[in-house]
Each structure stands twice: as C-alpha cells, then as structure tokens.
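The next block is start-v8.txt, given as compact mmCIF, C-alpha atoms and all ligand atoms.
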```
# COMPACT_ATOMS: atom_id res chain seq x y z
CA MET A 29 128.00 222.56 45.36
CA LYS A 30 125.68 219.70 46.33
CA LEU A 31 124.62 220.47 49.89
CA SER A 32 122.79 217.90 51.97
CA PRO A 33 119.12 218.00 50.92
CA VAL A 34 118.26 218.05 54.63
CA PHE A 35 119.12 221.76 54.67
CA ASP A 36 116.21 222.45 52.29
CA ALA A 37 113.77 220.76 54.64
CA LEU A 38 114.92 222.69 57.72
CA ALA A 39 113.32 225.96 58.75
CA PRO A 40 115.97 228.53 59.76
CA TYR A 41 117.02 228.09 63.40
CA PRO A 42 114.11 230.05 64.91
CA PHE A 43 116.23 232.30 67.09
CA THR A 44 117.68 234.02 64.03
CA ARG A 45 114.18 235.58 63.64
CA LEU A 46 114.60 237.33 66.99
CA THR A 47 118.03 238.69 66.09
CA ALA A 48 116.59 241.17 63.57
CA ALA A 49 114.10 242.49 66.12
CA LYS A 50 116.85 242.87 68.72
CA GLN A 51 119.05 244.79 66.27
CA ARG A 52 116.17 247.17 65.43
CA LEU A 53 115.40 247.85 69.11
CA ALA A 54 119.07 248.41 69.92
CA ALA A 55 119.31 250.88 67.02
CA GLU A 56 116.34 252.76 68.52
CA GLY A 57 118.24 253.00 71.82
CA ILE A 58 115.83 250.75 73.73
CA GLU A 59 117.43 248.76 76.57
CA LEU A 60 117.20 245.06 75.80
CA PHE A 61 116.22 242.48 78.41
CA ASP A 62 117.06 239.24 76.66
CA PHE A 63 115.09 236.31 78.07
CA GLY A 64 114.99 234.68 74.64
CA THR A 65 117.95 232.32 74.36
CA GLY A 66 118.60 229.75 77.07
CA GLU A 67 122.35 230.13 77.51
CA PRO A 68 123.44 230.10 81.18
CA ARG A 69 125.32 233.28 82.06
CA GLU A 70 126.12 232.65 85.72
CA GLU A 71 129.79 232.60 86.75
CA THR A 72 131.52 229.24 86.61
CA PRO A 73 132.60 228.62 90.24
CA ALA A 74 136.22 229.64 90.88
CA PHE A 75 137.34 226.19 92.10
CA ILE A 76 136.30 224.69 88.76
CA ARG A 77 138.16 227.35 86.75
CA GLU A 78 141.24 226.86 88.95
CA THR A 79 141.11 223.08 88.52
CA LEU A 80 141.03 223.53 84.76
CA ALA A 81 143.98 225.92 84.78
CA ALA A 82 146.03 223.60 87.00
CA ALA A 83 145.29 220.67 84.68
CA LEU A 84 146.83 222.30 81.58
CA GLU A 85 149.86 220.27 80.46
CA PRO A 86 152.73 221.16 78.14
CA VAL A 87 151.93 218.28 75.82
CA SER A 88 148.30 218.00 74.76
CA GLY A 89 147.51 214.62 73.25
CA TYR A 90 144.21 213.64 71.64
CA PRO A 91 141.66 212.80 74.31
CA SER A 92 140.40 209.22 74.08
CA ALA A 93 136.70 208.73 73.38
CA GLU A 94 136.32 206.57 76.48
CA GLY A 95 137.22 209.49 78.75
CA LEU A 96 139.44 209.55 81.81
CA PRO A 97 138.67 206.75 84.31
CA GLU A 98 138.54 209.30 87.16
CA LEU A 99 135.84 211.28 85.35
CA ARG A 100 133.77 208.14 84.69
CA GLU A 101 134.17 207.25 88.38
CA ALA A 102 133.11 210.76 89.46
CA ILE A 103 130.01 210.58 87.24
CA ALA A 104 129.08 207.14 88.58
CA ALA A 105 129.56 208.37 92.15
CA TRP A 106 127.38 211.42 91.46
CA ALA A 107 124.62 209.28 89.95
CA SER A 108 124.79 207.03 93.00
CA ARG A 109 124.45 209.97 95.44
CA ARG A 110 121.82 211.77 93.40
CA PHE A 111 119.65 208.91 92.12
CA GLY A 112 120.66 205.96 94.29
CA VAL A 113 121.76 203.91 91.26
CA VAL A 114 124.85 201.78 90.73
CA LEU A 115 126.69 202.40 87.46
CA ASP A 116 129.79 200.51 86.34
CA ALA A 117 132.19 203.33 85.43
CA GLY A 118 134.03 200.98 83.04
CA THR A 119 131.09 199.92 80.91
CA GLU A 120 128.06 202.10 81.64
CA VAL A 121 129.40 205.67 81.44
CA ILE A 122 131.03 207.72 78.67
CA PRO A 123 131.91 211.43 78.82
CA THR A 124 130.57 213.60 75.98
CA LEU A 125 131.49 217.01 74.61
CA GLY A 126 128.60 218.76 76.32
CA SER A 127 125.40 216.90 75.54
CA LYS A 128 124.27 218.59 72.30
CA GLU A 129 126.62 216.71 70.00
CA ALA A 130 125.79 213.38 71.63
CA ILE A 131 122.06 214.10 71.28
CA PHE A 132 122.56 215.05 67.63
CA GLN A 133 124.65 211.98 66.85
CA MET A 134 122.56 209.37 68.63
CA ALA A 135 120.37 208.70 65.56
CA GLN A 136 123.52 207.80 63.59
CA VAL A 137 124.45 205.17 66.15
CA LEU A 138 121.04 203.47 66.21
CA GLY A 139 118.88 201.88 63.53
CA GLY A 140 115.13 201.90 62.90
CA ASP A 141 113.10 204.15 60.59
CA LEU A 142 111.66 206.54 63.13
CA VAL A 143 112.99 208.81 65.84
CA ALA A 144 110.26 209.87 68.28
CA VAL A 145 110.56 213.35 69.82
CA GLY A 146 108.36 215.49 72.04
CA THR A 147 106.94 218.70 70.62
CA PRO A 148 107.25 221.52 71.61
CA GLY A 149 110.86 220.69 72.27
CA TYR A 150 114.59 221.32 71.99
CA PRO A 151 115.21 221.03 68.24
CA VAL A 152 118.45 219.00 68.31
CA PRO A 153 117.03 215.42 68.57
CA GLU A 154 114.85 216.11 65.53
CA ARG A 155 117.65 217.73 63.54
CA GLY A 156 120.01 214.89 64.38
CA ALA A 157 117.39 212.42 63.17
CA LEU A 158 116.91 214.26 59.87
CA PHE A 159 120.64 214.48 59.15
CA ALA A 160 120.88 210.76 59.91
CA GLY A 161 118.20 210.12 57.26
CA ARG A 162 115.49 209.11 59.74
CA GLN A 163 111.86 210.13 59.83
CA VAL A 164 110.59 212.01 62.86
CA LEU A 165 107.57 210.93 64.88
CA GLU A 166 106.28 213.92 66.83
CA LEU A 167 104.72 213.23 70.21
CA PRO A 168 102.64 216.25 71.28
CA LEU A 169 103.29 217.53 74.80
CA LEU A 170 99.99 219.07 75.79
CA ALA A 171 98.98 221.06 78.86
CA GLU A 172 96.12 218.64 79.61
CA HIS A 173 98.70 215.80 79.89
CA GLY A 174 101.05 217.83 82.09
CA PHE A 175 103.29 218.28 79.02
CA LEU A 176 104.09 214.55 79.03
CA PRO A 177 103.74 212.43 75.87
CA ASP A 178 100.87 209.96 75.67
CA LEU A 179 103.00 206.91 74.90
CA ASP A 180 99.99 204.62 74.82
CA ALA A 181 98.43 206.65 72.00
CA VAL A 182 101.14 205.32 69.64
CA SER A 183 100.23 202.06 67.86
CA ALA A 184 102.31 198.88 68.17
CA ASP A 185 102.99 199.03 64.41
CA THR A 186 104.48 202.49 64.80
CA TRP A 187 106.56 201.55 67.86
CA ALA A 188 107.94 198.64 65.86
CA ARG A 189 109.48 201.15 63.41
CA VAL A 190 111.04 203.34 66.12
CA GLY A 191 114.80 203.11 66.73
CA LEU A 192 115.08 205.90 69.25
CA LEU A 193 112.64 207.61 71.61
CA TRP A 194 113.69 210.93 73.13
CA LEU A 195 112.35 212.20 76.42
CA ASN A 196 113.53 215.49 77.93
CA TYR A 197 112.56 216.12 81.55
CA PRO A 198 112.78 218.52 83.26
CA ASN A 199 111.54 219.83 79.93
CA ASN A 200 112.73 222.58 77.68
CA PRO A 201 110.59 224.61 77.02
CA THR A 202 107.66 223.68 79.31
CA ALA A 203 109.65 223.22 82.56
CA ALA A 204 107.57 220.09 83.26
CA VAL A 205 109.02 217.30 85.40
CA ALA A 206 108.32 213.66 84.53
CA PRO A 207 107.29 211.10 87.15
CA LEU A 208 109.34 207.90 87.33
CA GLU A 209 106.28 206.05 85.95
CA LEU A 210 106.77 207.76 82.56
CA TYR A 211 110.34 206.44 82.40
CA GLU A 212 109.19 202.98 83.50
CA ARG A 213 106.52 202.86 80.76
CA ALA A 214 108.93 204.17 78.13
CA ALA A 215 111.58 201.63 79.18
CA GLU A 216 109.00 198.84 79.02
CA LEU A 217 108.09 199.87 75.45
CA ALA A 218 111.79 200.13 74.58
CA ARG A 219 112.30 196.52 75.66
CA GLU A 220 109.13 195.28 73.95
CA PHE A 221 109.85 196.97 70.61
CA ASP A 222 113.65 196.93 70.86
CA PHE A 223 114.30 200.63 70.50
CA VAL A 224 116.46 202.85 72.71
CA LEU A 225 114.96 205.25 75.22
CA ALA A 226 117.27 208.27 75.40
CA SER A 227 116.52 210.61 78.26
CA ASP A 228 117.96 214.12 77.99
CA GLU A 229 118.23 215.31 81.59
CA ALA A 230 120.17 218.55 81.01
CA TYR A 231 118.02 220.41 83.56
CA SER A 232 117.79 217.73 86.25
CA GLU A 233 119.61 219.89 88.82
CA ILE A 234 117.67 223.13 88.27
CA PHE A 235 114.53 222.45 90.29
CA PHE A 236 112.38 224.38 92.76
CA GLY A 237 109.99 221.78 94.17
CA ASP A 238 110.62 219.79 97.35
CA GLU A 239 111.55 216.61 95.50
CA PRO A 240 114.49 216.54 93.07
CA PRO A 241 113.35 215.29 89.64
CA PRO A 242 113.86 211.56 89.02
CA SER A 243 116.09 210.09 86.30
CA ALA A 244 115.49 207.37 83.74
CA LEU A 245 118.55 205.73 85.33
CA GLN A 246 116.21 204.76 88.17
CA VAL A 247 114.00 202.40 86.14
CA ALA A 248 113.90 198.84 87.41
CA ASP A 249 115.44 197.46 84.18
CA ARG A 250 117.89 199.69 82.27
CA THR A 251 117.97 197.51 79.14
CA ASN A 252 117.91 199.85 76.10
CA VAL A 253 117.94 202.96 78.32
CA VAL A 254 120.52 205.73 78.08
CA VAL A 255 120.59 209.04 79.96
CA LEU A 256 122.40 212.19 78.87
CA ASN A 257 123.35 214.93 81.27
CA THR A 258 125.65 217.92 81.27
CA LEU A 259 127.56 220.38 83.43
CA SER A 260 126.39 223.32 81.28
CA LYS A 261 123.39 224.19 83.43
CA ARG A 262 124.16 222.47 86.76
CA SER A 263 127.58 224.06 87.11
CA ALA A 264 127.30 227.02 84.69
CA MET A 265 129.91 225.48 82.39
CA PRO A 266 128.43 225.83 78.88
CA ALA A 267 131.78 226.83 77.36
CA TYR A 268 133.58 223.80 78.80
CA ARG A 269 131.52 221.32 76.77
CA SER A 270 131.25 218.53 79.30
CA GLY A 271 128.50 215.99 79.72
CA PHE A 272 127.97 212.25 79.75
CA ALA A 273 125.91 209.38 78.45
CA ALA A 274 125.19 206.57 80.91
CA GLY A 275 122.98 203.51 81.05
CA ASP A 276 122.72 200.18 79.26
CA ALA A 277 126.27 198.90 78.66
CA ALA A 278 125.29 197.84 75.11
CA VAL A 279 124.33 201.42 74.20
CA VAL A 280 127.50 202.77 75.83
CA ALA A 281 129.55 200.17 73.91
CA ALA A 282 127.97 201.36 70.64
CA LEU A 283 128.88 204.96 71.54
CA LYS A 284 132.45 203.84 72.27
CA ARG A 285 132.62 202.32 68.80
CA PHE A 286 131.06 205.33 67.09
CA ARG A 287 132.66 208.29 68.82
CA PRO A 288 136.33 207.76 67.83
CA ASN A 289 135.13 208.33 64.25
CA THR A 290 134.07 211.88 65.05
CA GLY A 291 136.76 212.68 67.62
CA THR A 292 134.29 214.16 70.06
CA ALA A 293 135.77 213.81 73.56
CA PRO A 294 136.31 216.62 76.06
CA GLN A 295 139.89 217.83 76.45
CA ALA A 296 141.74 216.23 79.40
CA PHE A 297 141.88 219.55 81.29
CA VAL A 298 138.12 219.95 80.87
CA GLN A 299 137.63 216.40 82.11
CA ARG A 300 139.69 217.13 85.22
CA ALA A 301 137.68 220.29 85.92
CA SER A 302 134.55 218.20 85.40
CA VAL A 303 135.64 215.73 88.09
CA ALA A 304 135.77 218.65 90.54
CA ALA A 305 132.34 219.87 89.40
CA TRP A 306 130.57 216.48 89.72
CA MET A 307 132.10 215.95 93.18
CA ASP A 308 130.66 219.16 94.63
CA GLU A 309 127.02 219.95 95.40
CA ALA A 310 127.41 223.22 97.34
CA HIS A 311 127.81 225.29 94.17
CA VAL A 312 124.78 223.57 92.62
CA GLU A 313 122.69 224.51 95.65
CA ALA A 314 123.91 228.11 95.24
CA MET A 315 123.02 227.99 91.53
CA ARG A 316 119.48 226.88 92.37
CA THR A 317 119.16 229.73 94.89
CA ILE A 318 120.09 232.28 92.21
CA TYR A 319 117.59 230.84 89.71
CA ARG A 320 114.92 230.67 92.40
CA SER A 321 115.32 234.40 93.19
CA LYS A 322 115.07 235.36 89.52
CA ARG A 323 112.11 233.05 89.05
CA GLU A 324 110.14 234.56 91.92
CA VAL A 325 110.70 238.14 90.72
CA LEU A 326 109.68 237.33 87.17
CA LEU A 327 106.75 235.07 88.06
CA ARG A 328 105.15 237.99 89.89
CA ALA A 329 105.80 240.47 87.07
CA CYS A 330 104.53 238.10 84.39
CA ALA A 331 101.36 237.37 86.34
CA ALA A 332 100.78 241.14 86.60
CA ALA A 333 101.17 241.38 82.80
CA GLY A 334 98.62 238.61 82.20
CA LEU A 335 101.23 235.99 81.40
CA GLU A 336 100.55 232.95 83.56
CA HIS A 337 103.29 230.36 84.08
CA VAL A 338 101.54 227.10 83.25
CA GLY A 339 104.64 224.89 83.14
CA GLY A 340 106.42 222.91 85.81
CA ASP A 341 108.71 223.88 88.69
CA ALA A 342 112.12 223.09 87.25
CA THR A 343 114.60 224.25 84.56
CA MET A 344 115.68 227.82 83.94
CA PHE A 345 112.49 228.51 81.98
CA LEU A 346 109.03 229.91 82.57
CA TRP A 347 106.41 228.60 80.12
CA LEU A 348 103.88 231.37 79.88
CA ALA A 349 100.38 231.14 78.46
CA ASP A 350 99.88 234.21 76.31
CA PRO A 351 96.28 234.16 75.11
CA GLU A 352 96.17 237.97 74.77
CA GLY A 353 99.36 238.27 72.73
CA VAL A 354 101.33 240.26 75.33
CA THR A 355 104.70 238.96 74.03
CA PRO A 356 104.90 241.31 70.96
CA ARG A 357 104.06 244.31 73.18
CA LEU A 358 106.83 243.31 75.61
CA LEU A 359 109.25 243.05 72.70
CA GLU A 360 108.55 246.66 71.74
CA GLN A 361 109.61 247.60 75.30
CA GLY A 362 112.85 245.64 74.91
CA VAL A 363 111.75 242.52 76.79
CA VAL A 364 112.66 239.58 74.57
CA LEU A 365 110.87 236.25 75.13
CA ALA A 366 110.98 233.25 72.80
CA PRO A 367 107.60 232.74 71.11
CA GLY A 368 106.31 229.27 71.96
CA ASP A 369 105.91 228.20 68.35
CA PHE A 370 109.71 228.36 68.01
CA PHE A 371 109.64 224.98 69.74
CA GLY A 372 106.97 223.41 67.52
CA PRO A 373 103.32 224.06 66.58
CA PRO A 374 101.84 222.98 69.95
CA GLY A 375 103.84 225.87 71.45
CA GLU A 376 101.56 228.38 69.72
CA GLY A 377 99.93 230.71 72.27
CA TYR A 378 102.81 230.35 74.75
CA ALA A 379 106.10 232.13 75.32
CA ARG A 380 109.30 230.87 76.95
CA LEU A 381 111.19 233.09 79.35
CA ALA A 382 114.79 232.00 80.09
CA LEU A 383 115.98 233.08 83.54
CA VAL A 384 119.46 233.92 82.31
CA PRO A 385 120.14 237.67 82.83
CA PRO A 386 121.63 238.59 86.24
CA LEU A 387 119.21 239.10 89.15
CA GLU A 388 119.44 242.91 89.11
CA VAL A 389 118.59 242.94 85.39
CA CYS A 390 115.65 240.61 86.07
CA GLU A 391 114.46 243.04 88.75
CA ARG A 392 114.57 246.01 86.36
CA ALA A 393 112.90 243.97 83.62
CA ALA A 394 110.17 242.97 86.08
CA GLY A 395 109.24 246.65 86.38
CA VAL A 396 108.98 247.00 82.59
CA ILE A 397 106.92 243.78 82.30
CA ALA A 398 104.48 244.77 85.05
CA ALA A 399 104.10 248.25 83.48
CA VAL A 400 103.19 246.73 80.12
CA GLY A 401 100.57 244.70 81.97
CA SER A 402 99.07 247.73 83.64
CA ARG A 403 98.60 249.42 80.25
CA ALA A 404 96.72 246.42 78.82
C1 LIG B 1 116.96 220.28 76.53
C2 LIG B 1 118.42 220.50 76.29
N1 LIG B 1 119.20 219.45 76.17
C3 LIG B 1 120.51 219.57 75.94
C4 LIG B 1 121.09 220.82 75.81
C5 LIG B 1 122.55 220.86 75.47
O1 LIG B 1 123.36 221.44 76.38
P1 LIG B 1 124.92 221.20 76.35
O2 LIG B 1 125.32 220.81 74.97
O3 LIG B 1 125.50 222.50 76.75
O4 LIG B 1 125.19 220.10 77.31
C6 LIG B 1 120.31 221.95 75.94
C7 LIG B 1 120.91 223.28 75.77
O5 LIG B 1 120.31 224.28 75.65
C8 LIG B 1 118.92 221.79 76.18
O6 LIG B 1 118.11 222.84 76.30
```
Since I need it in another form, could you write the structure as structure tokens?
Ligand SMILES: Cc1ncc(COP(=O)(O)O)c(C=O)c1O
Amino acid sequence: MKLSPVFDALAPYPFTRLTAAKQRLAAEGIELFDFGTGEPREETPAFIRETLAAALEPVSGYPSAEGLPELREAIAAWASRRFGVVLDAGTEVIPTLGSKEAIFQMAQVLGGDLVAVGTPGYPVPERGALFAGRQVLELPLLAEHGFLPDLDAVSADTWARVGLLWLNYPNNPTAAVAPLELYERAAELAREFDFVLASDEAYSEIFFGDEPPPSALQVADRTNVVVLNTLSKRSAMPAYRSGFAAGDAAVVAALKRFRPNTGTAPQAFVQRASVAAWMDEAHVEAMRTIYRSKREVLLRACAAAGLEHVGGDATMFLWLADPEGVTPRLLEQGVVLAPGDFFGPPGEGYARLALVPPLEVCERAAGVIAAVGSRA
C-alpha cells in the first residue's frame, strides 16, 4: 500500500507516549489523576441536551455546508454581543464540525508555499499544512515575549511566501492572551503580503482576568482575516462537533466552495442545539466559575511543588515552569501532566496541566502534588 509520505515525516501523536505510562501505573494500582489531555469533561447543560433531543426528526437529510440560517444568525448575534462587531450572517459566517477539521483543512483552501504556526502549539494547523503539501514556518512563542510571536522578526521575502498565518489566543498550551494590537499587526501583514490570518479562538470564553480576551474579528479592517471558534470548551460540547468560521466574506466564500467536497457540516439537530448554546451566557459564566475553582486549588498545590504557572490567565490550562524536573516524579504518584515538549521544542522545561477532572478530584490531586513538593 502506498501511504501518504507525510505519515513518515510525522512524529507519533505525542499523547500516545503517555498512554503506556498510564497503563503501567494503573496496573500497579496507583490512582491516576489525568491532567494530560485537554478534553473538557464538564456536563453539557441540560437545556442544550434537551434542545438537541427535541430537534431530532424522522427524516434526516444531508446537512448543507452553508449551515442553517438561524445558526448563522445566532453566531453573528453572539459575536456582536461579545466583541461589538457586525457580521453579515449570509456571507461572513459558516458553521463547522467543531473547529479541528476546519483548522486542518484551511491549508487546502488557501495557496502559498508556507503556513506559519506558533510553537509550542496545538499540532493541528501544522499537520493540516503538511497533509496539504505546504511547508511550515515555526514562530517561536517565548516567555520573554509573553508567548506572542515576534511577527516583525520575519523577513518580507518570507511573508511573501506565506499563504496562511495561524494565531491561537487564548493560547494552548501557554494560556497567554493576545492584545488586540497583535491581531492588528497580523492583519496589516496579511493585507500587505496577501495571506490569510486565521485566528483560532477556541478558548476565548475560558478566562479569569477582568477583561474578556479580544478577538481578531475586532480589527479595524477584516480583509483576509478569519476567526474560528467552537462550542466544545465554552459550552462543554466536545462530542457535538459544533464551531464556526467567520470573517472576510471572500474567505467564507472559499470555505463554502470547498466544504461540500468533504461533507463536513454539523447535523441539523446539533445546529439547533448550537443556536440555544450561543444564545445563552449564564451557563458560560457557570463554566468559568468551575474552571476558576479548579485553577485556584491547583495553582496553590503546584506552587508548593515548585511548579510555577508562568502562562496567562485564560484557557483550561496551567503552563508550569519545571526547571527541577518535578513532572516525572508527579507521574510516579499518578499525577499525569503533559510534558511541554509535546507541543514543540520551545516547550522543553515546561509542563501543561489541563483543568479537566472534576473539582473534588482536583482537590485530592492537589494533596498529592503538594506532598511530592514537600519531599523535594
Ligand atoms: C487550540 C485548539 N484549537 C482548536 C481545538 C479544537 O476543538 P474542537 O474541534 O472541539 O472545536 C482545540 C481542541 O483541543 C484546541 O486546543
């Protein structure tokens, strides 16, 4: 069989390395506290589940790639309330099947030689670029730059070869939040060099500071700018697969041409449940309160263990500096963190803690973490 040569170039998905360690610890009877993978495990609010159930119909046709008008309207209305922007639901919004597939496929929709991605980072933009036959330009996200890329360190010749620039703020894994100025500068470069700025804002609603994080939708000129967001984290709906792309009508039009080829549109009942989710903020506030409680418990325990959170104040992640190599000792006690180099070489010396287990589990884990610290 002639598999795509891209497979040869890819390292195994890093989390498979943790699976073996978890199996060994479980076999030894050690209780596992899994802060490794970032999958939300909070309950999907009941009103969303009920809306989905009520929307099931006897005949289930293929969903159209454009999405239901009422969902596009609900997304535009949410963006208006949240970011103060006006989006035309007819031409500037398209629902996606969660955001991962849309992130992966974006490089197939756009041209150019290079796809620029932040590192450390969520691996999907890079993998999508490689499967689309593009080269990857890595933009280091360093602590001394607040985990933001130095866009002005890239030469004009290099920008001229870029078809797609990915930003992801609030950031996985560093939890950093970007100021609007970063989006403005990136959008300016996108116009000058005619590439697309794609802003993955999957964690925009999980924040703990006083100010909600801004969106690339807020730039003064949205030419060549597209934003992706999702209900997976905001509304604890990872299984539903519901997100959107919104921004420059020309980018959305290209997605409308491309996506019928792959048949990736959320089912109508998921779209109807998504309308309910985007229209409600009370459950999102409750979601933030839950993450905030877990975060406070674990921040204290990690500090006691010599793991300082050096990242930002958003997302469901702590980005912990681990100069003493505490992470392997925690693993032996059943506390699983993701080593920072899973997300790219600049992640070396850090660990990512995902605030996903329930609060009472976080509280028990905090005791184990602090005890490991006291034995150091
Ligand atoms: C940075 C980032 N973007 C996008 C996604 C995709 O989420 P979904 O496909 O559930 O919308 C994730 C999921 O972990 C993520 O961490």
Grab all the atoms of region 94-110 of chain A that the file lists, wrap them in a box along x, y and z, add 4 Å per side, and give me centre plus edge lengths in Å (one decimal) as lines of an AutoDock Vina configuration file.
```
center_x = 130.6
center_y = 209.2
center_z = 86.0
size_x = 25.6
size_y = 13.2
size_z = 27.0
```
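Residues lying within 10 Å of Glu71 (chain A), counting only C-alpha atoms and ignoring same-chain neighbours fewer than 2 positions away, are Pro68, Arg69, Pro73, Ala74, Arg77, Ser263, Ala264, Met265 and Met315 of chain A.
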One decimal, in Å: what's the spacing between CA of His173 (chain A) and CA of Ile397 (chain A)?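 Rounded to one decimal, the two atoms are 29.3 Å apart.
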Site check for ligand LIG 1 (chain B): residues at most 10 Å away, only C-alpha atoms and all ligand atoms, as an NGL selection string: :A and (65-68 or 124-132 or 149-153 or 195-201 or 203 or 227-231 or 256-262 or 264-272 or 343-345)
Kindly extract all protein, DNA and RNA residues lying within 10 Å of the coordinates (119.9, 201.5, 86.8) given in the file, considering only C-alpha atoms, and supply them as a PDB file with C-alpha atoms, in the frame of the given file.
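That gives us result-v3.pdb:
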```pdb
ATOM      1  CA  ALA A 107     124.620 209.280  89.950  1.00  0.00           C
ATOM      2  CA  SER A 108     124.790 207.030  93.000  1.00  0.00           C
ATOM      3  CA  PHE A 111     119.650 208.910  92.120  1.00  0.00           C
ATOM      4  CA  GLY A 112     120.660 205.960  94.290  1.00  0.00           C
ATOM      5  CA  VAL A 113     121.760 203.910  91.260  1.00  0.00           C
ATOM      6  CA  VAL A 114     124.850 201.780  90.730  1.00  0.00           C
ATOM      7  CA  LEU A 115     126.690 202.400  87.460  1.00  0.00           C
ATOM      8  CA  ASP A 116     129.790 200.510  86.340  1.00  0.00           C
ATOM      9  CA  GLU A 120     128.060 202.100  81.640  1.00  0.00           C
ATOM     10  CA  SER A 243     116.090 210.090  86.300  1.00  0.00           C
ATOM     11  CA  ALA A 244     115.490 207.370  83.740  1.00  0.00           C
ATOM     12  CA  LEU A 245     118.550 205.730  85.330  1.00  0.00           C
ATOM     13  CA  GLN A 246     116.210 204.760  88.170  1.00  0.00           C
ATOM     14  CA  VAL A 247     114.000 202.400  86.140  1.00  0.00           C
ATOM     15  CA  ALA A 248     113.900 198.840  87.410  1.00  0.00           C
ATOM     16  CA  ASP A 249     115.440 197.460  84.180  1.00  0.00           C
ATOM     17  CA  ARG A 250     117.890 199.690  82.270  1.00  0.00           C
ATOM     18  CA  THR A 251     117.970 197.510  79.140  1.00  0.00           C
ATOM     19  CA  VAL A 253     117.940 202.960  78.320  1.00  0.00           C
ATOM     20  CA  VAL A 254     120.520 205.730  78.080  1.00  0.00           C
ATOM     21  CA  ALA A 274     125.190 206.570  80.910  1.00  0.00           C
ATOM     22  CA  GLY A 275     122.980 203.510  81.050  1.00  0.00           C
ATOM     23  CA  ASP A 276     122.720 200.180  79.260  1.00  0.00           C
TER      24      ASP A 276
END
```
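Going from CA of Leu387 (chain A) over to CA of Lys322 (chain A), you cover 5.6 Å.
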Pick from A:Ala83, A:Ala206, A:Ala117, A:Ala37 nearest to Ala301 (chain A), counting only C-alpha atoms: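 Nearest to Ala301 (chain A): A:Ala83.
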What does the distance from CA of Arg328 (chain A) to CA of Pro374 (chain A) come to in Å, to one decimal?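 If I compute the distance from CA of Arg328 (chain A) to CA of Pro374 (chain A), I get 25.2 Å.
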May I have the protein, DNA and RNA residues with any atom at most 9 Å from the point (115.8, 201.7, 64.3), counting all atoms listed in the file, written as a ChimeraX atom specification? /A:135,138-143,162,188-192,222-224
Counting all atoms listed in the file, which residue out of A:Ala204, A:Ala102, A:Ala49, A:Ala39 sits closest to Trp306 (chain A)?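 Among the listed residues, the smallest separation from Trp306 (chain A) belongs to A:Ala102.
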When you look at Pro242 (chain A) with a cut-off of 7 Å (counting all atoms listed in the file), what residues show up, excluding the ones that are within fewer than 2 positions of it in the same chain? I need them as JSON, numbers by chain. {"A": [207, 208, 240, 244]}
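Minimum distance to Trp106 (chain A) across A:Ala304, A:Ala226, A:Ala329, A:Ala282 (counting all atoms listed in the file) occurs at A:Ala304.
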A:Ala399, A:Ala333, A:Ala366, A:Leu383: which is nearest Leu46 (chain A), counting all atoms listed in the file?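 When distances to Leu46 (chain A) are compared using all atoms listed in the file, the smallest one comes from A:Ala366.
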